[in-house]
file coords03.pdb (PDB, C-alpha atoms, pLDDT in the B column)
ATOM      1  CA  MET A   1       2.150  48.227   0.140  1.00 50.00           C
ATOM      2  CA  PRO A   2       4.036  44.925   0.356  1.00 48.00           C
ATOM      3  CA  PRO A   3       5.498  44.096   3.771  1.00 50.00           C
ATOM      4  CA  VAL A   4       9.053  45.247   4.430  1.00 51.00           C
ATOM      5  CA  TYR A   5      11.529  42.884   6.102  1.00 45.00           C
ATOM      6  CA  PRO A   6      14.890  43.895   7.613  1.00 52.00           C
ATOM      7  CA  ARG A   7      17.852  43.161   5.349  1.00 50.00           C
ATOM      8  CA  CYS A   8      15.459  42.245   2.550  1.00 46.00           C
ATOM      9  CA  HIS A   9      15.577  44.175  -0.727  1.00 49.00           C
ATOM     10  CA  CYS A  10      12.676  42.443  -2.449  1.00 48.00           C
ATOM     11  CA  ASP A  11       8.918  42.071  -2.131  1.00 55.00           C
ATOM     12  CA  GLY A  12       9.153  38.513  -0.760  1.00 56.00           C
ATOM     13  CA  PHE A  13      10.219  36.791   2.406  1.00 58.00           C
ATOM     14  CA  GLN A  14      13.829  35.558   2.333  1.00 75.00           C
ATOM     15  CA  PHE A  15      13.959  34.041   5.798  1.00 84.00           C
ATOM     16  CA  PHE A  16      11.572  31.123   5.361  1.00 88.00           C
ATOM     17  CA  LEU A  17      14.111  28.591   6.632  1.00 89.00           C
ATOM     18  CA  ASP A  18      14.525  30.626   9.818  1.00 90.00           C
ATOM     19  CA  LEU A  19      10.920  29.844  10.753  1.00 92.00           C
ATOM     20  CA  PRO A  20      10.232  26.962  13.172  1.00 94.00           C
ATOM     21  CA  ARG A  21       9.800  23.628  11.420  1.00 94.00           C
ATOM     22  CA  GLU A  22       6.149  23.431  12.512  1.00 95.00           C
ATOM     23  CA  LEU A  23       5.366  26.655  10.643  1.00 94.00           C
ATOM     24  CA  ARG A  24       7.258  25.535   7.552  1.00 94.00           C
ATOM     25  CA  ASP A  25       5.292  22.276   7.558  1.00 95.00           C
ATOM     26  CA  ASN A  26       2.044  24.251   7.651  1.00 95.00           C
ATOM     27  CA  VAL A  27       3.184  26.155   4.574  1.00 94.00           C
ATOM     28  CA  TYR A  28       4.020  22.881   2.804  1.00 95.00           C
ATOM     29  CA  ARG A  29       0.555  21.516   3.642  1.00 95.00           C
ATOM     30  CA  PHE A  30      -0.994  24.601   2.083  1.00 95.00           C
ATOM     31  CA  LEU A  31       1.119  24.220  -1.058  1.00 94.00           C
ATOM     32  CA  VAL A  32       0.212  20.544  -1.613  1.00 94.00           C
ATOM     33  CA  ALA A  33      -3.494  20.930  -0.761  1.00 93.00           C
ATOM     34  CA  ASP A  34      -4.573  21.317  -4.396  1.00 92.00           C
ATOM     35  CA  LEU A  35      -2.284  18.644  -5.841  1.00 92.00           C
ATOM     36  CA  PRO A  36      -3.616  15.172  -6.762  1.00 90.00           C
ATOM     37  CA  SER A  37      -3.846  13.089  -3.606  1.00 93.00           C
ATOM     38  CA  ARG A  38      -3.353   9.757  -5.420  1.00 94.00           C
ATOM     39  CA  VAL A  39      -0.396   8.371  -7.327  1.00 93.00           C
ATOM     40  CA  PHE A  40      -0.860   5.208  -9.407  1.00 92.00           C
ATOM     41  CA  VAL A  41       2.044   2.770  -9.559  1.00 91.00           C
ATOM     42  CA  SER A  42       1.929   0.505 -12.609  1.00 86.00           C
ATOM     43  CA  SER A  43       3.864  -0.482 -15.712  1.00 81.00           C
ATOM     44  CA  ARG A  44       1.450   1.664 -17.761  1.00 81.00           C
ATOM     45  CA  MET A  45       2.310   4.829 -15.809  1.00 81.00           C
ATOM     46  CA  PRO A  46       6.086   4.776 -15.236  1.00 80.00           C
ATOM     47  CA  LEU A  47       7.409   6.682 -12.268  1.00 87.00           C
ATOM     48  CA  SER A  48      10.545   8.776 -12.145  1.00 90.00           C
ATOM     49  CA  ALA A  49      13.005   8.345  -9.300  1.00 89.00           C
ATOM     50  CA  LEU A  50      13.437  12.136  -9.380  1.00 90.00           C
ATOM     51  CA  VAL A  51       9.926  13.610  -9.749  1.00 90.00           C
ATOM     52  CA  LEU A  52       7.546  10.604  -9.516  1.00 91.00           C
ATOM     53  CA  GLN A  53       5.172  11.877 -12.228  1.00 87.00           C
ATOM     54  CA  PRO A  54       4.837  15.212 -14.090  1.00 86.00           C
ATOM     55  CA  ASP A  55       3.097  17.949 -12.079  1.00 85.00           C
ATOM     56  CA  THR A  56       2.953  15.743  -8.999  1.00 89.00           C
ATOM     57  CA  LEU A  57       5.283  17.414  -6.507  1.00 93.00           C
ATOM     58  CA  PRO A  58       4.852  21.002  -5.255  1.00 92.00           C
ATOM     59  CA  SER A  59       6.963  23.638  -7.008  1.00 91.00           C
ATOM     60  CA  ILE A  60       8.807  24.455  -3.798  1.00 92.00           C
ATOM     61  CA  SER A  61      10.375  20.975  -3.965  1.00 92.00           C
ATOM     62  CA  PHE A  62      12.558  22.170  -6.835  1.00 92.00           C
ATOM     63  CA  VAL A  63      13.931  25.309  -5.171  1.00 91.00           C
ATOM     64  CA  SER A  64      16.647  23.630  -3.093  1.00 91.00           C
ATOM     65  CA  LYS A  65      17.577  20.263  -1.598  1.00 92.00           C
ATOM     66  CA  ARG A  66      16.619  21.484   1.877  1.00 92.00           C
ATOM     67  CA  LEU A  67      13.155  22.587   0.815  1.00 94.00           C
ATOM     68  CA  GLN A  68      12.705  19.427  -1.196  1.00 94.00           C
ATOM     69  CA  SER A  69      13.637  17.131   1.681  1.00 94.00           C
ATOM     70  CA  GLU A  70      11.082  18.857   3.923  1.00 95.00           C
ATOM     71  CA  SER A  71       8.200  19.434   1.508  1.00 96.00           C
ATOM     72  CA  VAL A  72       8.309  15.948  -0.024  1.00 96.00           C
ATOM     73  CA  LEU A  73       7.751  14.346   3.384  1.00 97.00           C
ATOM     74  CA  ILE A  74       4.573  16.402   3.827  1.00 97.00           C
ATOM     75  CA  TYR A  75       3.505  15.455   0.304  1.00 97.00           C
ATOM     76  CA  LEU A  76       3.997  11.742   1.043  1.00 97.00           C
ATOM     77  CA  GLN A  77       1.974  11.932   4.247  1.00 97.00           C
ATOM     78  CA  ARG A  78      -1.187  13.120   2.446  1.00 96.00           C
ATOM     79  CA  THR A  79      -0.890  11.017  -0.712  1.00 97.00           C
ATOM     80  CA  ARG A  80      -2.276   7.528  -1.313  1.00 97.00           C
ATOM     81  CA  PHE A  81      -0.125   5.283  -3.507  1.00 96.00           C
ATOM     82  CA  ILE A  82      -2.207   2.822  -5.513  1.00 95.00           C
ATOM     83  CA  PHE A  83      -0.412  -0.236  -6.896  1.00 91.00           C
ATOM     84  CA  ASP A  84      -1.477  -2.228  -9.914  1.00 84.00           C
ATOM     85  CA  ASP A  85      -0.706  -5.956 -10.246  1.00 74.00           C
ATOM     86  CA  MET A  86       2.619  -6.894  -8.652  1.00 69.00           C
ATOM     87  CA  PHE A  87       3.851  -8.473 -11.880  1.00 72.00           C
ATOM     88  CA  PRO A  88       7.530  -8.247 -12.917  1.00 68.00           C
ATOM     89  CA  ARG A  89       6.809  -5.337 -15.292  1.00 70.00           C
ATOM     90  CA  THR A  90       5.027  -3.412 -12.548  1.00 77.00           C
ATOM     91  CA  VAL A  91       7.879  -4.016 -10.157  1.00 75.00           C
ATOM     92  CA  GLU A  92      10.477  -2.957 -12.705  1.00 74.00           C
ATOM     93  CA  HIS A  93       8.686   0.112 -14.091  1.00 78.00           C
ATOM     94  CA  GLY A  94       6.692   1.209 -11.045  1.00 82.00           C
ATOM     95  CA  VAL A  95       7.757  -0.107  -7.671  1.00 88.00           C
ATOM     96  CA  GLN A  96      11.524   0.113  -8.131  1.00 89.00           C
ATOM     97  CA  PRO A  97      11.506   3.812  -9.222  1.00 90.00           C
ATOM     98  CA  LEU A  98       9.225   4.612  -6.272  1.00 93.00           C
ATOM     99  CA  GLU A  99      11.614   2.860  -3.901  1.00 93.00           C
ATOM    100  CA  ALA A 100      14.537   4.766  -5.440  1.00 94.00           C
ATOM    101  CA  PHE A 101      12.635   8.024  -4.902  1.00 95.00           C
ATOM    102  CA  LEU A 102      11.871   7.231  -1.264  1.00 97.00           C
ATOM    103  CA  HIS A 103      15.483   6.223  -0.592  1.00 96.00           C
ATOM    104  CA  ARG A 104      16.536   9.808  -1.361  1.00 95.00           C
ATOM    105  CA  PHE A 105      14.927  11.045   1.859  1.00 95.00           C
ATOM    106  CA  ASP A 106      15.793  10.140   5.438  1.00 93.00           C
ATOM    107  CA  ARG A 107      12.173   9.350   6.357  1.00 95.00           C
ATOM    108  CA  GLY A 108      10.780   8.601   2.909  1.00 97.00           C
ATOM    109  CA  PHE A 109       9.263   5.187   3.629  1.00 97.00           C
ATOM    110  CA  GLU A 110       8.218   6.233   7.140  1.00 97.00           C
ATOM    111  CA  SER A 111       6.265   9.221   5.767  1.00 97.00           C
ATOM    112  CA  ILE A 112       3.862   7.120   3.684  1.00 98.00           C
ATOM    113  CA  ARG A 113       0.453   6.958   5.392  1.00 98.00           C
ATOM    114  CA  MET A 114      -1.903   5.358   2.826  1.00 98.00           C
ATOM    115  CA  LEU A 115      -1.457   2.412   0.455  1.00 97.00           C
ATOM    116  CA  THR A 116      -3.799   0.482  -1.851  1.00 96.00           C
ATOM    117  CA  PHE A 117      -2.965  -2.685  -3.793  1.00 93.00           C
ATOM    118  CA  HIS A 118      -5.225  -3.933  -6.612  1.00 90.00           C
ATOM    119  CA  ASN A 119      -5.485  -7.468  -8.023  1.00 85.00           C
ATOM    120  CA  VAL A 120      -2.986  -8.932  -5.586  1.00 85.00           C
ATOM    121  CA  SER A 121      -2.195 -12.575  -6.360  1.00 79.00           C
ATOM    122  CA  ARG A 122      -0.528 -13.041  -2.963  1.00 78.00           C
ATOM    123  CA  PHE A 123       0.069 -10.781   0.011  1.00 87.00           C
ATOM    124  CA  GLY A 124       3.452 -12.103   1.048  1.00 82.00           C
ATOM    125  CA  SER A 125       5.347 -15.272   1.861  1.00 72.00           C
ATOM    126  CA  ALA A 126       6.149 -16.672   5.291  1.00 63.00           C
ATOM    127  CA  ARG A 127       8.693 -18.965   3.629  1.00 66.00           C
ATOM    128  CA  LEU A 128      10.322 -16.264   1.478  1.00 61.00           C
ATOM    129  CA  PRO A 129       9.994 -13.031   3.511  1.00 57.00           C
ATOM    130  CA  ASP A 130      12.373 -11.121   1.221  1.00 57.00           C
ATOM    131  CA  ASP A 131      10.523 -12.096  -1.947  1.00 65.00           C
ATOM    132  CA  ARG A 132       8.983  -9.309  -4.028  1.00 73.00           C
ATOM    133  CA  SER A 133       5.396  -8.936  -2.784  1.00 82.00           C
ATOM    134  CA  PRO A 134       3.084  -6.264  -1.349  1.00 89.00           C
ATOM    135  CA  ALA A 135       4.184  -7.302   2.156  1.00 90.00           C
ATOM    136  CA  THR A 136       7.801  -6.497   1.305  1.00 89.00           C
ATOM    137  CA  PHE A 137       6.930  -2.882   0.543  1.00 92.00           C
ATOM    138  CA  ILE A 138       4.211  -2.461   3.182  1.00 94.00           C
ATOM    139  CA  THR A 139       6.326  -3.470   6.161  1.00 93.00           C
ATOM    140  CA  ARG A 140       8.976  -0.892   5.205  1.00 94.00           C
ATOM    141  CA  CYS A 141       6.379   1.883   5.547  1.00 97.00           C
ATOM    142  CA  THR A 142       6.529   2.002   9.334  1.00 96.00           C
ATOM    143  CA  GLY A 143       4.319   5.108   9.559  1.00 97.00           C
ATOM    144  CA  LEU A 144       1.480   3.518   7.563  1.00 98.00           C
ATOM    145  CA  ARG A 145      -2.020   4.333   8.838  1.00 98.00           C
ATOM    146  CA  ASP A 146      -4.434   3.026   6.187  1.00 98.00           C
ATOM    147  CA  LEU A 147      -4.092  -0.064   3.983  1.00 98.00           C
ATOM    148  CA  VAL A 148      -6.414  -1.541   1.341  1.00 96.00           C
ATOM    149  CA  ILE A 149      -5.668  -4.934  -0.242  1.00 94.00           C
ATOM    150  CA  GLN A 150      -7.828  -6.101  -3.137  1.00 92.00           C
ATOM    151  CA  PHE A 151      -6.820  -9.710  -3.763  1.00 89.00           C
ATOM    152  CA  ARG A 152      -7.707 -12.436  -6.199  1.00 84.00           C
ATOM    153  CA  PHE A 153     -10.263 -15.066  -5.303  1.00 85.00           C
ATOM    154  CA  SER A 154      -7.889 -17.898  -6.288  1.00 84.00           C
ATOM    155  CA  TYR A 155      -5.503 -16.832  -3.519  1.00 88.00           C
ATOM    156  CA  LEU A 156      -7.857 -18.474  -1.003  1.00 90.00           C
ATOM    157  CA  LEU A 157      -8.156 -21.779  -2.855  1.00 89.00           C
ATOM    158  CA  HIS A 158      -6.218 -25.029  -2.750  1.00 87.00           C
ATOM    159  CA  PHE A 159      -6.178 -27.095  -5.935  1.00 83.00           C
ATOM    160  CA  GLU A 160      -5.500 -30.796  -5.531  1.00 78.00           C
ATOM    161  CA  VAL A 161      -4.790 -32.830  -8.680  1.00 68.00           C
ATOM    162  CA  VAL A 162      -6.614 -36.143  -8.459  1.00 61.00           C
ATOM    163  CA  ASP A 163      -5.289 -38.046 -11.460  1.00 60.00           C
ATOM    164  CA  GLU A 164      -3.352 -36.327 -14.234  1.00 58.00           C
ATOM    165  CA  GLU A 165      -3.362 -39.390 -16.510  1.00 61.00           C
ATOM    166  CA  MET A 166      -7.163 -39.656 -16.452  1.00 58.00           C
ATOM    167  CA  ASP A 167      -7.486 -35.922 -17.009  1.00 57.00           C
ATOM    168  CA  VAL A 168      -9.737 -35.523 -13.982  1.00 60.00           C
ATOM    169  CA  GLU A 169     -10.576 -32.002 -12.870  1.00 64.00           C
ATOM    170  CA  PRO A 170      -8.616 -31.001  -9.746  1.00 69.00           C
ATOM    171  CA  ARG A 171     -10.429 -30.874  -6.439  1.00 82.00           C
ATOM    172  CA  VAL A 172     -10.846 -27.397  -5.078  1.00 84.00           C
ATOM    173  CA  ARG A 173     -11.290 -26.351  -1.471  1.00 88.00           C
ATOM    174  CA  LEU A 174     -10.760 -23.257   0.631  1.00 90.00           C
ATOM    175  CA  LEU A 175      -7.464 -22.824   2.424  1.00 93.00           C
ATOM    176  CA  LYS A 176      -7.469 -23.790   6.072  1.00 94.00           C
ATOM    177  CA  LYS A 177      -6.462 -21.251   8.701  1.00 96.00           C
ATOM    178  CA  SER A 178      -3.108 -22.979   9.187  1.00 95.00           C
ATOM    179  CA  GLU A 179      -2.445 -22.818   5.442  1.00 93.00           C
ATOM    180  CA  ILE A 180      -3.280 -19.113   5.306  1.00 93.00           C
ATOM    181  CA  ARG A 181      -0.855 -18.431   8.167  1.00 91.00           C
ATOM    182  CA  ASP A 182       1.803 -20.468   6.396  1.00 89.00           C
ATOM    183  CA  ARG A 183       1.362 -18.939   2.939  1.00 87.00           C
ATOM    184  CA  TRP A 184       0.254 -15.349   3.406  1.00 90.00           C
ATOM    185  CA  GLY A 185       3.146 -13.974   5.480  1.00 89.00           C
ATOM    186  CA  LEU A 186       0.981 -11.705   7.646  1.00 93.00           C
ATOM    187  CA  ASP A 187       3.177 -11.439  10.754  1.00 92.00           C
ATOM    188  CA  GLY A 188       4.837  -8.224   9.609  1.00 92.00           C
ATOM    189  CA  LEU A 189       1.397  -6.642   9.118  1.00 95.00           C
ATOM    190  CA  PHE A 190       0.280  -7.569  12.629  1.00 96.00           C
ATOM    191  CA  GLU A 191       3.395  -5.906  14.072  1.00 94.00           C
ATOM    192  CA  MET A 192       2.858  -2.491  12.443  1.00 95.00           C
ATOM    193  CA  GLU A 193       2.260  -0.237  15.442  1.00 94.00           C
ATOM    194  CA  LYS A 194       0.854   2.859  13.704  1.00 96.00           C
ATOM    195  CA  LEU A 195      -1.632   1.074  11.464  1.00 97.00           C
ATOM    196  CA  LYS A 196      -5.213   2.247  12.124  1.00 97.00           C
ATOM    197  CA  SER A 197      -7.290   0.744   9.308  1.00 97.00           C
ATOM    198  CA  VAL A 198      -6.912  -2.409   7.179  1.00 97.00           C
ATOM    199  CA  ARG A 199      -9.358  -3.582   4.534  1.00 97.00           C
ATOM    200  CA  PHE A 200      -9.040  -6.831   2.584  1.00 95.00           C
ATOM    201  CA  LYS A 201     -11.364  -7.017  -0.433  1.00 93.00           C
ATOM    202  CA  CYS A 202     -12.087 -10.013  -2.642  1.00 90.00           C
ATOM    203  CA  ALA A 203     -14.323  -9.832  -5.706  1.00 81.00           C
ATOM    204  CA  VAL A 204     -16.065 -13.165  -6.340  1.00 83.00           C
ATOM    205  CA  ALA A 205     -17.657 -13.892  -9.717  1.00 79.00           C
ATOM    206  CA  ARG A 206     -20.973 -15.714  -9.746  1.00 79.00           C
ATOM    207  CA  TRP A 207     -19.470 -18.571 -11.727  1.00 76.00           C
ATOM    208  CA  HIS A 208     -17.000 -19.068  -8.873  1.00 75.00           C
ATOM    209  CA  MET A 209     -19.921 -19.707  -6.554  1.00 78.00           C
ATOM    210  CA  GLU A 210     -21.534 -22.135  -8.993  1.00 79.00           C
ATOM    211  CA  ASP A 211     -18.440 -24.064 -10.122  1.00 79.00           C
ATOM    212  CA  TYR A 212     -16.954 -24.464  -6.650  1.00 79.00           C
ATOM    213  CA  LYS A 213     -20.330 -24.899  -4.936  1.00 82.00           C
ATOM    214  CA  PHE A 214     -19.961 -22.161  -2.330  1.00 83.00           C
ATOM    215  CA  GLU A 215     -23.127 -21.134  -0.550  1.00 83.00           C
ATOM    216  CA  SER A 216     -22.179 -17.532   0.169  1.00 84.00           C
ATOM    217  CA  ALA A 217     -19.421 -15.009  -0.461  1.00 83.00           C
ATOM    218  CA  ASP A 218     -18.884 -14.654   3.291  1.00 87.00           C
ATOM    219  CA  GLU A 219     -18.028 -18.354   3.490  1.00 89.00           C
ATOM    220  CA  ILE A 220     -15.080 -17.760   1.156  1.00 89.00           C
ATOM    221  CA  VAL A 221     -13.332 -15.249   3.420  1.00 92.00           C
ATOM    222  CA  GLU A 222     -14.351 -16.732   6.782  1.00 94.00           C
ATOM    223  CA  ASN A 223     -11.003 -18.421   7.515  1.00 95.00           C
ATOM    224  CA  LEU A 224      -9.033 -15.366   6.444  1.00 95.00           C
ATOM    225  CA  SER A 225     -11.192 -13.178   8.688  1.00 96.00           C
ATOM    226  CA  GLU A 226     -10.439 -15.374  11.673  1.00 97.00           C
ATOM    227  CA  VAL A 227      -6.702 -15.356  10.940  1.00 97.00           C
ATOM    228  CA  ILE A 228      -6.699 -11.548  10.696  1.00 96.00           C
ATOM    229  CA  LYS A 229      -8.710 -11.199  13.918  1.00 96.00           C
ATOM    230  CA  GLU A 230      -6.525 -13.621  15.864  1.00 97.00           C
ATOM    231  CA  GLY A 231      -3.311 -12.106  14.516  1.00 96.00           C
ATOM    232  CA  PHE A 232      -4.089  -8.565  15.628  1.00 96.00           C
ATOM    233  CA  GLU A 233      -5.387  -9.791  19.003  1.00 96.00           C
ATOM    234  CA  GLU A 234      -2.243 -11.837  19.642  1.00 96.00           C
ATOM    235  CA  HIS A 235      -0.133  -8.739  19.007  1.00 94.00           C
ATOM    236  CA  GLY A 236      -2.349  -6.567  21.218  1.00 94.00           C
ATOM    237  CA  ARG A 237      -3.368  -4.335  18.317  1.00 91.00           C
ATOM    238  CA  LEU A 238      -6.619  -2.353  18.433  1.00 91.00           C
ATOM    239  CA  LEU A 239      -7.593  -1.044  15.004  1.00 95.00           C
ATOM    240  CA  THR A 240     -10.364  -1.062  12.423  1.00 96.00           C
ATOM    241  CA  TRP A 241     -10.141  -4.005  10.055  1.00 96.00           C
ATOM    242  CA  SER A 242     -12.422  -5.846   7.630  1.00 95.00           C
ATOM    243  CA  VAL A 243     -12.355  -8.719   5.169  1.00 94.00           C
ATOM    244  CA  GLU A 244     -14.971  -8.407   2.429  1.00 91.00           C
ATOM    245  CA  ALA A 245     -16.086 -10.672  -0.396  1.00 87.00           C
ATOM    246  CA  GLY A 246     -18.574  -9.245  -2.849  1.00 78.00           C
ATOM    247  CA  LEU A 247     -20.471 -10.425  -5.887  1.00 66.00           C
ATOM    248  CA  PRO A 248     -20.648  -8.043  -8.861  1.00 60.00           C
ATOM    249  CA  SER A 249     -24.028  -6.325  -9.162  1.00 54.00           C
TER
END

call {"tool": "encode", "arguments": {"input": "coords03.pdb", "output": "structure tokens"}}
result
Amino acid sequence: MPPVYPRCHCDGFQFFLDLPRELRDNVYRFLVADLPSRVFVSSRMPLSALVLQPDTLPSISFVSKRLQSESVLIYLQRTRFIFDDMFPRTVEHGVQPLEAFLHRFDRGFESIRMLTFHNVSRFGSARLPDDRSPATFITRCTGLRDLVIQFRFSYLLHFEVVDEEMDVEPRVRLLKKSEIRDRWGLDGLFEMEKLKSVRFKCAVARWHMEDYKFESADEIVENLSEVIKEGFEEHGRLLTWSVEAGLPS
């Protein structure tokens, strides 16, 4: 026989919201356990400011505003958002609807725990901190625990034009540590108190090594590694971090 509850004339449980919040959160975790744990943000897969993507949110999120506001926060905590290129189309069709969705909840941005950015052309800007960049979104996610940044090789290079009239190839060198600090806008990242893991990944083509005469892939990310290390140490942050440069197999 189904359980019988006082004042209840059905086979279900009508007093779910009377349970302690900790128990309700456990129910939400059970309901989202079988849902996709990754959401891709790109111009090719538009997001909705109401439902993100079809069949993404748990069904209980559509029962009432109260249940939605609680269950969505649990959903955000266990979901990794994966961003495509931060081009204008991606921002317009992907990032902006996601931001509109998160704005609907009191702790929307704070509830995000995992982020990945692919093919990043630049992390941020120390000169233009409010410019549209991964750093702009990342630093708003104050509860972030795990971050992966896959960036473009050219983001670590400085091109110096020698003589435009003679059509001479520009000189290419790696950015100095001071230039990385000035251009990358990393201070906000170093200040994120709940961050536990950060991985910077750079894919280097073999022709990059040959054309620019680099001896090893590790040489390419050496200055960035030192900037990351020094930045977290200066802010007293103890966490797992890595900067990787790999050649395709």

call {"tool": "atom_distance", "arguments": {"input": "coords03.pdb", "atom1": "atom CA of A:Gln68", "atom2": "atom CA of A:Leu35"}}
result
15.7 Å

call {"tool": "resolve_selection", "arguments": {"input": "coords03.pdb", "expression": "the PyMOL selection byres ((chain A and resi 237) around 10)", "output": "PyMOL selection string"}}
result
chain A and resi 190-196+229+231-236+238-240

call {"tool": "resolve_selection", "arguments": {"input": "coords03.pdb", "expression": "the PyMOL selection byres ((chain A and resi 118) around 6)", "output": "ChimeraX atom specification"}}
result
/A:84,117,119-120,150

call {"tool": "write_last_selection", "arguments": {"input": "coords03.pdb", "atoms": "C-alpha atoms", "output": "PDB file, in the coordinates of the input"}}
result
ATOM      1  CA  ASP A  84      -1.477  -2.228  -9.914  1.00 84.00           C
ATOM      2  CA  PHE A 117      -2.965  -2.685  -3.793  1.00 93.00           C
ATOM      3  CA  ASN A 119      -5.485  -7.468  -8.023  1.00 85.00           C
ATOM      4  CA  VAL A 120      -2.986  -8.932  -5.586  1.00 85.00           C
ATOM      5  CA  GLN A 150      -7.828  -6.101  -3.137  1.00 92.00           C
TER       6      GLN A 150
END

call {"tool": "closest_atom_pairs", "arguments": {"input": "coords03.pdb", "of": "stretch 131-197 of chain A", "to": "stretch 221-225 of chain A", "cutoff": "10 Å", "atoms": "only C-alpha atoms", "output": "JSON lines"}}
result
{"residue": "A:Phe153", "atom": "CA", "partner": "A:Val221", "partner_atom": "CA", "distance": 9.2}
{"residue": "A:Leu156", "atom": "CA", "partner": "A:Val221", "partner_atom": "CA", "distance": 7.7}
{"residue": "A:Leu174", "atom": "CA", "partner": "A:Asn223", "partner_atom": "CA", "distance": 8.4}
{"residue": "A:Leu175", "atom": "CA", "partner": "A:Asn223", "partner_atom": "CA", "distance": 7.6}
{"residue": "A:Lys176", "atom": "CA", "partner": "A:Asn223", "partner_atom": "CA", "distance": 6.6}
{"residue": "A:Lys177", "atom": "CA", "partner": "A:Asn223", "partner_atom": "CA", "distance": 5.5}
{"residue": "A:Ser178", "atom": "CA", "partner": "A:Asn223", "partner_atom": "CA", "distance": 9.3}
{"residue": "A:Glu179", "atom": "CA", "partner": "A:Asn223", "partner_atom": "CA", "distance": 9.8}
{"residue": "A:Ile180", "atom": "CA", "partner": "A:Leu224", "partner_atom": "CA", "distance": 7.0}
{"residue": "A:Arg181", "atom": "CA", "partner": "A:Leu224", "partner_atom": "CA", "distance": 8.9}
{"residue": "A:Trp184", "atom": "CA", "partner": "A:Leu224", "partner_atom": "CA", "distance": 9.8}

call {"tool": "resolve_selection", "arguments": {"input": "coords03.pdb", "expression": "the PyMOL selection byres ((chain A and resi 41) around 7)", "output": "number ranges by chain"}}
result
A: 39-40, 42, 45, 81-84, 94-95

call {"tool": "closest_residue", "arguments": {"input": "coords03.pdb", "among": "A:Arg38, A:Arg44, A:His158, A:Lys65", "to": "A:Ile112", "atoms": "all atoms listed in the file"}}
result
A:Arg38

call {"tool": "atom_distance", "arguments": {"input": "coords03.pdb", "atom1": "atom CA of A:Leu102", "atom2": "atom CA of A:Arg199"}}
result
24.5 Å

call {"tool": "residues_around", "arguments": {"input": "coords03.pdb", "residues": "stretch 207-220 of chain A", "least_positions_apart": "4", "cutoff": "8 Å", "atoms": "all atoms listed in the file", "output": "list of chain:residue names"}}
result
A:Leu156, A:Val172, A:Arg173, A:Leu174, A:Glu244, A:Ala245, A:Gly246, A:Leu247

call {"tool": "axis_aligned_box", "arguments": {"input": "coords03.pdb", "around": "stretch 63-77 of chain A", "padding_each_side": "3 Å", "output": "AutoDock Vina command-line options"}}
result
--center_x 9.8 --center_y 18.5 --center_z -0.5 --size_x 21.6 --size_y 19.6 --size_z 15.4

call {"tool": "atom_distance", "arguments": {"input": "coords03.pdb", "atom1": "atom CA of A:Phe137", "atom2": "atom CA of A:Phe151"}}
result
15.9 Å

call {"tool": "residues_near_point", "arguments": {"input": "coords03.pdb", "point": "(-0.4, 4.6, 4.2)", "cutoff": "8 Å", "atoms": "all atoms listed in the file", "output": "NGL selection string"}}
result
:A and (77 or 80-81 or 112-115 or 141 or 143-147)

call {"tool": "write_last_selection", "arguments": {"input": "coords03.pdb", "atoms": "C-alpha atoms", "output": "PDB file, keeping the file's coordinate frame"}}
result
ATOM      1  CA  GLN A  77       1.974  11.932   4.247  1.00 97.00           C
ATOM      2  CA  ARG A  80      -2.276   7.528  -1.313  1.00 97.00           C
ATOM      3  CA  PHE A  81      -0.125   5.283  -3.507  1.00 96.00           C
ATOM      4  CA  ILE A 112       3.862   7.120   3.684  1.00 98.00           C
ATOM      5  CA  ARG A 113       0.453   6.958   5.392  1.00 98.00           C
ATOM      6  CA  MET A 114      -1.903   5.358   2.826  1.00 98.00           C
ATOM      7  CA  LEU A 115      -1.457   2.412   0.455  1.00 97.00           C
ATOM      8  CA  CYS A 141       6.379   1.883   5.547  1.00 97.00           C
ATOM      9  CA  GLY A 143       4.319   5.108   9.559  1.00 97.00           C
ATOM     10  CA  LEU A 144       1.480   3.518   7.563  1.00 98.00           C
ATOM     11  CA  ARG A 145      -2.020   4.333   8.838  1.00 98.00           C
ATOM     12  CA  ASP A 146      -4.434   3.026   6.187  1.00 98.00           C
ATOM     13  CA  LEU A 147      -4.092  -0.064   3.983  1.00 98.00           C
TER      14      LEU A 147
END

call {"tool": "closest_residue", "arguments": {"input": "coords03.pdb", "among": "A:Glu110, A:Val148, A:Gly185, A:Arg104", "to": "A:Ser133", "atoms": "all atoms listed in the file"}}
result
A:Gly185
